[in-house]
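First comes the structure, then the notes that go with it.
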Amino acid sequence: MNLTYTPEQRAFRAEIRDWLARHVPDKPLPSFDATREGFEAHRAWERTLAEGRWGMVTWPREYGGRGVDLIQWLIFEEEYYRSGAPGRVNQNGIFLLGPTLMEFGTPEQKARFLPAMASGDEIWAQAWSEPQAGSDLASVRATATRDGDHYMLNGLKTWSSRAAFADWAFGLFRTEPGSQRHKGLTLILFPLNAPGVTVKPIARIDGKVGFAEIFLDDVRVPVSQRLGDDGQGWHICMVTAGFERGLMLRSPARYQVAAARLAALYRRQGNPADSATRAAVARAWMDAEAYALSIYSTASRILAGQPIGPETSTNKIFWSELDVALNRVALSILGARAELMPDPDEPDPTGDWLDDYIFSLAGPIYAGSNEIQRNIIAERMLGLPR
Amino acid sequence: MNFTFTDEQKMLAEVVRKLMDDRCPPPALRSLMDAGAVHDKGRWAAIVETGLMPVLVPAEQDGLGLAEVDFAIVAEAAGRAALPEPLVEHAGIALPLLAAAAPGHTLLSAAMAGEVTVAIGHPVNPLVADADTAAALLLVHDGELHLVERDAVRLIRKPSIDPFRRLFAVEWVPSPASRLATAATAGPLLADALDRGALFAAAQCLGIAQRCVDLAVDYAKERTQFGKPIGSTQAVKHLLANVQVKIEFARPVLQSAAARFAARDVRSRAVISHAKLVAAEAADLGARTAIQVHGAMGYSWEVDVHFFLKRALALTYAWGDPAFHTARIEQRVLNHPLGPDQTFLNETDHA
Ligand SMILES: Cc1cc2nc3c(=O)[nH]c(=O)nc-3n(C[C@H](O)[C@H](O)[C@H](O)COP(=O)(O)OP(=O)(O)OC[C@H]3O[C@@H](n4cnc5c(N)ncnc54)[C@H](O)[C@@H]3O)c2cc1C
């Protein structure tokens, strides 16, 4: 156990901190979930990141990365969130599909898709869920029917984040007619502007079009866009889900920065006599720190050659619940002003707390609901019978 | 930056775990209780033989000179077994305090050999644990640290709900002869003792929490109702999963707290307090959940869960209660820099 950074790690931190200080836009970009304009502004930011080779630091250089290890990735994320840099519009690509491609893609697929992903030229959506296949993902019905060296995609995908404006999607399809459950499923990449694809944005509870339905009507895609083998789709999806719940999608810095903002809010506006709120602020900090420590611990184990285990499920529960709790504390400090929408005329704007709170409510649902994670913990970690 | 244990530490964990499994299974706790005995001499001898006494005594004083990270491993195993003997208070807290306050003291070698134990009356705790079996007591008067022989004090037993905790009020008269350290010298040493006490209480709580989950899981696999094991019922699964989540996010905090002990600043102390709070919460939730999962059996004297419930209860308030530790954390959170780049920094890193 050695909880200090090496000189190399410290130099890496200094380098990214310096770069961010010079490049992060002064004003926050408009939301990537509300308008095409906001989405494109975020794509432009991804290009800026890529020019600095900061798009995805853990990737090999040939794919636009820097080939650094997970500890440096955490350092990157820490500086990224500290700097207030824009959200990653391509998170489904860089955090989920990217690592999956790295593991299962052919050399041609990696060369074709990874650099364009790192540069923001191709922004990805995840097309797994269907109306009848939510938690029970193995009940997907959308089909990919083999036709020579092509597949014909048919069916309906839903709740696909960013799909309203994204370029590509990675979807789970039934390639074996009549197959049941998790057998006969295959992962296929398809462009969202292909003939036969219709994307219908769905408004979220905040009114933004953060996700979409994807209608597929005889969409022709070459077999070269299949990831892995026919029938390997379920296995690949579970590996991707590991990245999603576990290490990548929600790096701890996000919550540590939020906890620091919360403490600042409390110092500014909190009632010093309100010891319950003070304790809740401390608790938010503790939870964010605990999450960070646990991720450093996981990263150390992965670097020591061990596989990522069921902690993906405990992580998912922990980050999603801490996010809700943290934002609720902020609202309680704002009190009767908590309900106010952002308003430039307000003398004392309440900030993004309301937005962050509303978004946090989705955390226990997506990436596998927390109830499903509890099932997984009970059955796979504790060995309780199904 | 590396959170993994060394091979030596992994081996230590295995050895101590096995020692506790062999020497301190629940039936052994029950026979000790039935015999009305205080400690099990054979078990203590086995613990001493394993070499656990001098773990935290510096190598210059013939100790092993290991660190808090190492002793936390020992304490976790002791908690997991609800060990009755004062391994943690003697070897984890009193011995390093005595070694630091009075290097070369005549009592030290016998205490390091486990022939005698030393009890500690720290100002944060109202009573002294295991004072009756100790050869001497480390006591505090006006901030000064004293070492007093057991025969020179009057002990008044205060029964604890934990059948294996022996608590005493101590009546004693300080004298220049008993004084080991002035208030100025004793202050930092007592602060260390408090941090070790809190840290190792946290480690024990983590062991307790996992033991409670393990006991409940075993039972939930066996007990059937409605024609199937109760553990296949989702409501039961989720109760236990919630405890496991608590444990998983207390463990890295404990490890980080132990690794940062030596910094002795507001930041390292906040992490120790964090560990103490969340590990105690995990133990409390674990014990209550284990009782719930066992149903009426869990409420009976016959099932072992209550031993762990009671130890968890005691340790939650010993070595600083939740209010004490929350205050230390608030002090850090409201007065010092926060953020992801701060997690592993010490105060001196900012000078
Ligand atoms: C903001 C957001 C973004 C999303 N983005 C994407 C995306 O990009 N791509 C994509 O493919 N999908 C996406 N999803 C969909 C997400 O994966 C599903 O919502 C999730 O898997 C749950 O499925 P469901 O909504 O159909 O709920 P259901 O499965 O119908 O579940 C409803 C409730 O029942 C509970 N439940 C269901 N089954 C069980 C069980 N066996 N045991 C215990 N409780 C159970 C659930 O926990 C939940 O509380 C997104 C969802 C949200 C909210």
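A note on labels: chains of the structure tokens are A, B, ... as shown, every chain counts residues from 1, and ligands are counted from 1 in their shown order.
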Environment of ligand 1 within 10 Å, counting only C-alpha atoms and all ligand atoms, reported as a PyMOL selection string: (chain A and resi 91-92+124-137+157-163+169-172+204-205+210-213+359-376) or (chain B and resi 234-235+238)
All strand (DSSP E) residues (DSSP, backbone) inside range 157-238 of chain A, as an MDAnalysis selection string: chainID A and resid 157:161 168:174 185:191 197:202 211:222 226:227
Non-local contacts of Ala78 in chain B (9 Å; only C-alpha atoms; under 5 positions in same chain excluded) as an MDAnalysis selection string: chainID B and resid 16:17 20 73 83:84 87:88 203:204 207:208
Would you output that residue set with N, CA, C and O atoms, as a PDB file, in the first residue's frame?
ATOM      1  N   VAL B  16      -3.971 -14.902  10.663  1.00  0.00           N
ATOM      2  CA  VAL B  16      -4.798 -14.451  11.791  1.00  0.00           C
ATOM      3  C   VAL B  16      -6.241 -14.950  11.634  1.00  0.00           C
ATOM      4  O   VAL B  16      -6.885 -15.348  12.600  1.00  0.00           O
ATOM      5  N   ARG B  17      -6.694 -14.944  10.414  1.00  0.00           N
ATOM      6  CA  ARG B  17      -8.052 -15.440  10.159  1.00  0.00           C
ATOM      7  C   ARG B  17      -8.162 -16.915  10.577  1.00  0.00           C
ATOM      8  O   ARG B  17      -9.116 -17.333  11.217  1.00  0.00           O
ATOM      9  N   MET B  20      -8.124 -17.350  14.324  1.00  0.00           N
ATOM     10  CA  MET B  20      -9.416 -17.040  14.935  1.00  0.00           C
ATOM     11  C   MET B  20     -10.437 -18.136  14.627  1.00  0.00           C
ATOM     12  O   MET B  20     -11.227 -18.512  15.489  1.00  0.00           O
ATOM     13  N   ILE B  73      -5.349  -5.287   9.893  1.00  0.00           N
ATOM     14  CA  ILE B  73      -5.667  -6.634   9.392  1.00  0.00           C
ATOM     15  C   ILE B  73      -5.954  -7.565  10.571  1.00  0.00           C
ATOM     16  O   ILE B  73      -6.907  -8.349  10.555  1.00  0.00           O
ATOM     17  N   LEU B  83     -13.595 -11.679  19.368  1.00  0.00           N
ATOM     18  CA  LEU B  83     -12.573 -12.181  20.294  1.00  0.00           C
ATOM     19  C   LEU B  83     -12.735 -11.584  21.694  1.00  0.00           C
ATOM     20  O   LEU B  83     -12.797 -10.364  21.839  1.00  0.00           O
ATOM     21  N   PRO B  84     -12.778 -12.422  22.730  1.00  0.00           N
ATOM     22  CA  PRO B  84     -12.922 -11.881  24.088  1.00  0.00           C
ATOM     23  C   PRO B  84     -11.634 -11.273  24.649  1.00  0.00           C
ATOM     24  O   PRO B  84     -11.694 -10.353  25.449  1.00  0.00           O
ATOM     25  N   LEU B  87      -6.642  -8.419  22.726  1.00  0.00           N
ATOM     26  CA  LEU B  87      -5.573  -8.321  21.725  1.00  0.00           C
ATOM     27  C   LEU B  87      -5.466  -6.902  21.162  1.00  0.00           C
ATOM     28  O   LEU B  87      -4.374  -6.327  21.080  1.00  0.00           O
ATOM     29  N   VAL B  88      -6.605  -6.327  20.801  1.00  0.00           N
ATOM     30  CA  VAL B  88      -6.557  -5.025  20.142  1.00  0.00           C
ATOM     31  C   VAL B  88      -6.152  -3.927  21.123  1.00  0.00           C
ATOM     32  O   VAL B  88      -5.265  -3.120  20.843  1.00  0.00           O
ATOM     33  N   ALA B 203     -11.805  -1.343  12.193  1.00  0.00           N
ATOM     34  CA  ALA B 203     -11.409  -2.618  11.576  1.00  0.00           C
ATOM     35  C   ALA B 203     -12.217  -3.769  12.174  1.00  0.00           C
ATOM     36  O   ALA B 203     -12.701  -4.648  11.458  1.00  0.00           O
ATOM     37  N   GLN B 204     -12.364  -3.746  13.494  1.00  0.00           N
ATOM     38  CA  GLN B 204     -13.161  -4.806  14.125  1.00  0.00           C
ATOM     39  C   GLN B 204     -14.604  -4.763  13.624  1.00  0.00           C
ATOM     40  O   GLN B 204     -15.218  -5.797  13.372  1.00  0.00           O
ATOM     41  N   GLY B 207     -14.972  -6.404  10.363  1.00  0.00           N
ATOM     42  CA  GLY B 207     -14.981  -7.865  10.531  1.00  0.00           C
ATOM     43  C   GLY B 207     -16.326  -8.360  11.040  1.00  0.00           C
ATOM     44  O   GLY B 207     -16.851  -9.382  10.579  1.00  0.00           O
ATOM     45  N   ILE B 208     -16.884  -7.614  11.972  1.00  0.00           N
ATOM     46  CA  ILE B 208     -18.201  -7.972  12.508  1.00  0.00           C
ATOM     47  C   ILE B 208     -19.253  -7.929  11.405  1.00  0.00           C
ATOM     48  O   ILE B 208     -20.074  -8.841  11.260  1.00  0.00           O
TER      49      ILE B 208
END
Distance filter 6 Å, only C-alpha atoms, chain A against chain B, as a PyMOL selection string: chain A and resi 1-5+78+253+256-257+260+282+290+293-294+297+300+314+374+377-378+384-386
Residue nearest Gln225 in chain B among B:Gly295, B:Ala72, B:Ala119, B:Gly114 (counting only C-alpha atoms): B:Gly295
Give me, as a tab-separated table (two decimals) with all heavy atoms, in the first residue's frame, all polymer residues having an atom no more than 12 Å from Glu79 in chain A, counting only C-alpha atoms and skipping those fewer than 2 positions away in the same chain.
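Below is the file around_14.tsv, written as the result:
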chain	number	residue	atom	x	y	z
A	10	ARG	N	2.45	13.00	-10.93
A	10	ARG	CA	2.25	14.42	-10.60
A	10	ARG	C	2.51	15.31	-11.81
A	10	ARG	O	1.82	16.29	-12.04
A	10	ARG	CB	3.14	14.82	-9.42
A	10	ARG	CG	2.41	14.59	-8.10
A	10	ARG	CD	3.19	15.07	-6.91
A	10	ARG	NE	3.84	13.93	-6.27
A	10	ARG	CZ	5.10	13.90	-5.90
A	10	ARG	NH1	5.88	14.94	-6.08
A	10	ARG	NH2	5.58	12.82	-5.34
A	12	PHE	N	2.02	14.42	-14.85
A	12	PHE	CA	0.87	14.21	-15.72
A	12	PHE	C	-0.29	15.12	-15.28
A	12	PHE	O	-0.95	15.77	-16.09
A	12	PHE	CB	0.46	12.74	-15.67
A	12	PHE	CG	-0.70	12.40	-16.56
A	12	PHE	CD1	-0.53	12.23	-17.92
A	12	PHE	CD2	-1.98	12.23	-16.02
A	12	PHE	CE1	-1.61	11.91	-18.74
A	12	PHE	CE2	-3.05	11.90	-16.83
A	12	PHE	CZ	-2.86	11.74	-18.19
A	13	ARG	N	-0.50	15.18	-13.98
A	13	ARG	CA	-1.55	16.05	-13.46
A	13	ARG	C	-1.29	17.51	-13.83
A	13	ARG	O	-2.18	18.23	-14.27
A	13	ARG	CB	-1.65	15.91	-11.93
A	13	ARG	CG	-2.81	16.71	-11.33
A	13	ARG	CD	-2.80	16.74	-9.82
A	13	ARG	NE	-3.12	15.47	-9.18
A	13	ARG	CZ	-4.34	14.95	-9.08
A	13	ARG	NH1	-5.38	15.60	-9.57
A	13	ARG	NH2	-4.53	13.80	-8.47
A	14	ALA	N	-0.04	17.91	-13.66
A	14	ALA	CA	0.30	19.31	-13.96
A	14	ALA	C	0.07	19.60	-15.44
A	14	ALA	O	-0.44	20.67	-15.81
A	14	ALA	CB	1.75	19.58	-13.58
A	15	GLU	N	0.41	18.64	-16.28
A	15	GLU	CA	0.27	18.85	-17.73
A	15	GLU	C	-1.20	19.03	-18.13
A	15	GLU	O	-1.55	19.98	-18.84
A	15	GLU	CB	0.89	17.66	-18.47
A	15	GLU	CG	0.95	17.88	-19.97
A	15	GLU	CD	1.43	16.64	-20.73
A	15	GLU	OE1	1.84	15.64	-20.08
A	15	GLU	OE2	1.37	16.67	-21.98
A	16	ILE	N	-2.05	18.14	-17.64
A	16	ILE	CA	-3.45	18.25	-18.04
A	16	ILE	C	-4.10	19.48	-17.40
A	16	ILE	O	-4.92	20.16	-18.01
A	16	ILE	CB	-4.25	16.95	-17.75
A	16	ILE	CG1	-5.74	17.10	-18.06
A	16	ILE	CG2	-4.09	16.45	-16.33
A	16	ILE	CD1	-6.06	17.40	-19.47
A	17	ARG	N	-3.69	19.77	-16.17
A	17	ARG	CA	-4.26	20.96	-15.51
A	17	ARG	C	-3.95	22.21	-16.32
A	17	ARG	O	-4.81	23.05	-16.56
A	17	ARG	CB	-3.70	21.08	-14.09
A	17	ARG	CG	-4.31	22.24	-13.30
A	17	ARG	CD	-3.79	22.30	-11.89
A	17	ARG	NE	-4.30	21.22	-11.05
A	17	ARG	CZ	-4.15	21.15	-9.73
A	17	ARG	NH1	-3.50	22.11	-9.11
A	17	ARG	NH2	-4.63	20.14	-9.05
A	18	ASP	N	-2.73	22.29	-16.75
A	18	ASP	CA	-2.29	23.44	-17.53
A	18	ASP	C	-3.05	23.51	-18.86
A	18	ASP	O	-3.53	24.57	-19.26
A	18	ASP	CB	-0.78	23.31	-17.76
A	18	ASP	CG	-0.29	24.37	-18.72
A	18	ASP	OD1	-0.35	25.55	-18.35
A	18	ASP	OD2	0.11	24.01	-19.86
A	19	TRP	N	-3.17	22.37	-19.52
A	19	TRP	CA	-3.85	22.36	-20.82
A	19	TRP	C	-5.32	22.79	-20.67
A	19	TRP	O	-5.83	23.61	-21.43
A	19	TRP	CB	-3.75	20.97	-21.45
A	19	TRP	CG	-4.28	20.94	-22.86
A	19	TRP	CD1	-3.58	21.16	-24.00
A	19	TRP	CD2	-5.65	20.69	-23.26
A	19	TRP	NE1	-4.41	21.08	-25.10
A	19	TRP	CE2	-5.68	20.79	-24.67
A	19	TRP	CE3	-6.82	20.41	-22.57
A	19	TRP	CZ2	-6.86	20.60	-25.40
A	19	TRP	CZ3	-8.00	20.22	-23.30
A	19	TRP	CH2	-8.00	20.32	-24.70
A	20	LEU	N	-5.95	22.24	-19.63
A	20	LEU	CA	-7.36	22.58	-19.42
A	20	LEU	C	-7.53	24.06	-19.12
A	20	LEU	O	-8.46	24.71	-19.61
A	20	LEU	CB	-7.94	21.73	-18.28
A	20	LEU	CG	-8.18	20.25	-18.62
A	20	LEU	CD1	-8.38	19.44	-17.34
A	20	LEU	CD2	-9.38	20.08	-19.56
A	21	ALA	N	-6.61	24.59	-18.31
A	21	ALA	CA	-6.71	26.01	-17.95
A	21	ALA	C	-6.69	26.87	-19.20
A	21	ALA	O	-7.32	27.93	-19.26
A	21	ALA	CB	-5.58	26.40	-17.00
A	24	VAL	N	-10.41	25.16	-21.65
A	24	VAL	CA	-11.82	25.01	-21.26
A	24	VAL	C	-12.57	26.30	-21.57
A	24	VAL	O	-12.09	27.39	-21.22
A	24	VAL	CB	-11.93	24.66	-19.76
A	24	VAL	CG1	-13.37	24.72	-19.29
A	24	VAL	CG2	-11.36	23.27	-19.50
A	54	TRP	N	-6.18	14.43	-25.71
A	54	TRP	CA	-6.77	14.20	-24.40
A	54	TRP	C	-8.12	13.50	-24.50
A	54	TRP	O	-8.85	13.39	-23.52
A	54	TRP	CB	-6.96	15.53	-23.66
A	54	TRP	CG	-5.67	16.21	-23.31
A	54	TRP	CD1	-5.19	17.37	-23.84
A	54	TRP	CD2	-4.69	15.77	-22.36
A	54	TRP	NE1	-3.98	17.69	-23.28
A	54	TRP	CE2	-3.65	16.72	-22.36
A	54	TRP	CE3	-4.59	14.67	-21.51
A	54	TRP	CZ2	-2.52	16.61	-21.56
A	54	TRP	CZ3	-3.47	14.56	-20.69
A	54	TRP	CH2	-2.45	15.52	-20.73
A	72	GLN	N	-3.52	7.08	-14.02
A	72	GLN	CA	-3.44	8.35	-14.76
A	72	GLN	C	-4.79	8.73	-15.34
A	72	GLN	O	-5.12	9.91	-15.44
A	72	GLN	CB	-2.36	8.26	-15.84
A	72	GLN	CG	-0.99	8.58	-15.25
A	72	GLN	CD	0.12	8.12	-16.16
A	72	GLN	OE1	0.28	6.93	-16.39
A	72	GLN	NE2	0.89	9.05	-16.68
A	73	TRP	N	-5.57	7.74	-15.72
A	73	TRP	CA	-6.92	8.06	-16.18
A	73	TRP	C	-7.72	8.74	-15.07
A	73	TRP	O	-8.41	9.74	-15.29
A	73	TRP	CB	-7.65	6.79	-16.65
A	73	TRP	CG	-9.05	7.11	-17.08
A	73	TRP	CD1	-9.42	7.82	-18.19
A	73	TRP	CD2	-10.25	6.81	-16.38
A	73	TRP	NE1	-10.78	7.95	-18.22
A	73	TRP	CE2	-11.32	7.34	-17.13
A	73	TRP	CE3	-10.53	6.12	-15.19
A	73	TRP	CZ2	-12.65	7.21	-16.73
A	73	TRP	CZ3	-11.84	5.99	-14.80
A	73	TRP	CH2	-12.89	6.53	-15.57
A	74	LEU	N	-7.58	8.23	-13.84
A	74	LEU	CA	-8.29	8.85	-12.72
A	74	LEU	C	-7.81	10.27	-12.50
A	74	LEU	O	-8.60	11.18	-12.23
A	74	LEU	CB	-8.11	8.00	-11.45
A	74	LEU	CG	-8.87	6.67	-11.47
A	74	LEU	CD1	-8.44	5.79	-10.30
A	74	LEU	CD2	-10.37	6.91	-11.42
A	75	ILE	N	-6.50	10.46	-12.63
A	75	ILE	CA	-5.94	11.81	-12.46
A	75	ILE	C	-6.50	12.73	-13.55
A	75	ILE	O	-6.90	13.87	-13.27
A	75	ILE	CB	-4.40	11.77	-12.52
A	75	ILE	CG1	-3.86	10.99	-11.31
A	75	ILE	CG2	-3.81	13.17	-12.59
A	75	ILE	CD1	-2.37	10.68	-11.37
A	76	PHE	N	-6.55	12.22	-14.78
A	76	PHE	CA	-7.13	13.01	-15.86
A	76	PHE	C	-8.56	13.42	-15.50
A	76	PHE	O	-8.94	14.59	-15.60
A	76	PHE	CB	-7.15	12.20	-17.18
A	76	PHE	CG	-7.98	12.85	-18.25
A	76	PHE	CD1	-7.45	13.86	-19.04
A	76	PHE	CD2	-9.31	12.48	-18.44
A	76	PHE	CE1	-8.24	14.48	-20.01
A	76	PHE	CE2	-10.09	13.09	-19.40
A	76	PHE	CZ	-9.55	14.10	-20.19
A	77	GLU	N	-9.34	12.46	-15.06
A	77	GLU	CA	-10.74	12.74	-14.73
A	77	GLU	C	-10.84	13.76	-13.60
A	77	GLU	O	-11.71	14.64	-13.61
A	77	GLU	CB	-11.45	11.45	-14.32
A	77	GLU	CG	-11.70	10.51	-15.48
A	77	GLU	CD	-12.89	10.96	-16.32
A	77	GLU	OE1	-14.03	10.96	-15.82
A	77	GLU	OE2	-12.66	11.30	-17.49
A	81	TYR	N	-12.81	17.26	-14.17
A	81	TYR	CA	-13.98	17.76	-13.42
A	81	TYR	C	-13.65	19.02	-12.63
A	81	TYR	O	-14.49	19.91	-12.51
A	81	TYR	CB	-14.55	16.66	-12.52
A	81	TYR	CG	-15.44	15.73	-13.31
A	81	TYR	CD1	-14.98	14.50	-13.76
A	81	TYR	CD2	-16.73	16.12	-13.68
A	81	TYR	CE1	-15.78	13.68	-14.54
A	81	TYR	CE2	-17.53	15.31	-14.45
A	81	TYR	CZ	-17.06	14.09	-14.87
A	81	TYR	OH	-17.86	13.29	-15.64
A	82	ARG	N	-12.45	19.11	-12.09
A	82	ARG	CA	-12.06	20.32	-11.36
A	82	ARG	C	-12.15	21.54	-12.26
A	82	ARG	O	-12.49	22.63	-11.84
A	82	ARG	CB	-10.62	20.21	-10.86
A	82	ARG	CG	-10.43	19.36	-9.62
A	82	ARG	CD	-8.99	19.45	-9.15
A	82	ARG	NE	-8.72	20.73	-8.51
A	82	ARG	CZ	-7.87	21.64	-8.96
A	82	ARG	NH1	-7.19	21.41	-10.05
A	82	ARG	NH2	-7.71	22.76	-8.32
A	83	SER	N	-11.81	21.34	-13.53
A	83	SER	CA	-11.71	22.49	-14.43
A	83	SER	C	-13.08	22.97	-14.90
A	83	SER	O	-13.18	24.02	-15.52
A	83	SER	CB	-10.88	22.10	-15.65
A	83	SER	OG	-11.66	21.26	-16.50
A	84	GLY	N	-14.12	22.19	-14.61
A	84	GLY	CA	-15.45	22.58	-15.09
A	84	GLY	C	-15.60	22.40	-16.60
A	84	GLY	O	-16.44	23.05	-17.23
A	85	ALA	N	-14.81	21.54	-17.19
A	85	ALA	CA	-14.88	21.30	-18.64
A	85	ALA	C	-16.24	20.70	-19.00
A	85	ALA	O	-16.91	20.09	-18.16
A	85	ALA	CB	-13.75	20.37	-19.06
A	251	SER	N	-16.82	8.33	-13.13
A	251	SER	CA	-15.58	8.39	-12.37
A	251	SER	C	-15.83	9.27	-11.15
A	251	SER	O	-16.66	10.17	-11.17
A	251	SER	CB	-14.44	8.91	-13.23
A	251	SER	OG	-14.70	10.24	-13.57
A	252	PRO	N	-15.11	8.97	-10.06
A	252	PRO	CA	-15.44	9.61	-8.77
A	252	PRO	C	-15.27	11.12	-8.74
A	252	PRO	O	-15.94	11.79	-7.97
A	252	PRO	CB	-14.45	8.96	-7.79
A	252	PRO	CG	-13.64	8.00	-8.54
A	252	PRO	CD	-14.07	7.94	-9.95
A	253	ALA	N	-14.40	11.63	-9.58
A	253	ALA	CA	-14.12	13.06	-9.51
A	253	ALA	C	-15.40	13.90	-9.65
A	253	ALA	O	-15.55	14.95	-9.03
A	253	ALA	CB	-13.13	13.45	-10.60
A	254	ARG	N	-16.31	13.41	-10.46
A	254	ARG	CA	-17.58	14.09	-10.66
A	254	ARG	C	-18.26	14.38	-9.32
A	254	ARG	O	-18.74	15.48	-9.07
A	254	ARG	CB	-18.43	13.14	-11.50
A	254	ARG	CG	-19.81	13.56	-11.81
A	254	ARG	CD	-20.53	12.33	-12.41
A	254	ARG	NE	-21.82	12.65	-12.93
A	254	ARG	CZ	-22.10	12.70	-14.23
A	254	ARG	NH1	-21.18	12.45	-15.13
A	254	ARG	NH2	-23.31	13.00	-14.63
A	256	GLN	N	-16.77	14.15	-6.27
A	256	GLN	CA	-15.91	14.90	-5.36
A	256	GLN	C	-16.00	16.40	-5.64
A	256	GLN	O	-16.02	17.20	-4.70
A	256	GLN	CB	-14.46	14.42	-5.50
A	256	GLN	CG	-14.28	12.99	-5.01
A	256	GLN	CD	-12.86	12.51	-5.25
A	256	GLN	OE1	-12.45	12.32	-6.39
A	256	GLN	NE2	-12.12	12.32	-4.18
A	257	VAL	N	-16.06	16.75	-6.91
A	257	VAL	CA	-16.22	18.16	-7.25
A	257	VAL	C	-17.58	18.66	-6.77
A	257	VAL	O	-17.71	19.76	-6.21
A	257	VAL	CB	-16.03	18.38	-8.77
A	257	VAL	CG1	-16.49	19.77	-9.17
A	257	VAL	CG2	-14.57	18.17	-9.13
B	339	GLY	N	-11.87	18.51	-2.85
B	339	GLY	CA	-11.80	18.23	-4.29
B	339	GLY	C	-10.99	17.00	-4.57
B	339	GLY	O	-10.27	16.50	-3.70
B	340	PRO	N	-11.11	16.51	-5.79
B	340	PRO	CA	-10.50	15.21	-6.12
B	340	PRO	C	-8.98	15.21	-6.06
B	340	PRO	O	-8.39	14.15	-5.88
B	340	PRO	CB	-10.98	14.94	-7.55
B	340	PRO	CG	-11.46	16.24	-8.09
B	340	PRO	CD	-11.89	17.05	-6.92
B	341	ASP	N	-8.34	16.36	-6.20
B	341	ASP	CA	-6.88	16.37	-6.13
B	341	ASP	C	-6.39	16.39	-4.68
B	341	ASP	O	-5.19	16.36	-4.42
B	341	ASP	CB	-6.32	17.58	-6.88
B	341	ASP	CG	-6.89	18.89	-6.33
B	341	ASP	OD1	-8.04	18.88	-5.83
B	341	ASP	OD2	-6.20	19.92	-6.39
B	342	GLN	N	-7.32	16.45	-3.72
B	342	GLN	CA	-6.95	16.61	-2.31
B	342	GLN	C	-6.94	15.29	-1.55
B	342	GLN	O	-6.43	15.22	-0.43
B	342	GLN	CB	-7.95	17.55	-1.61
B	342	GLN	CG	-8.06	18.92	-2.24
B	342	GLN	CD	-6.83	19.76	-1.98
B	342	GLN	OE1	-6.27	19.71	-0.90
B	342	GLN	NE2	-6.40	20.50	-2.98
Atom-to-atom span, CA of Pro163 in chain B and CA of Glu115 in chain B, Å: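 Between CA of Pro163 in chain B and CA of Glu115 in chain B the gap is 23.8 Å.
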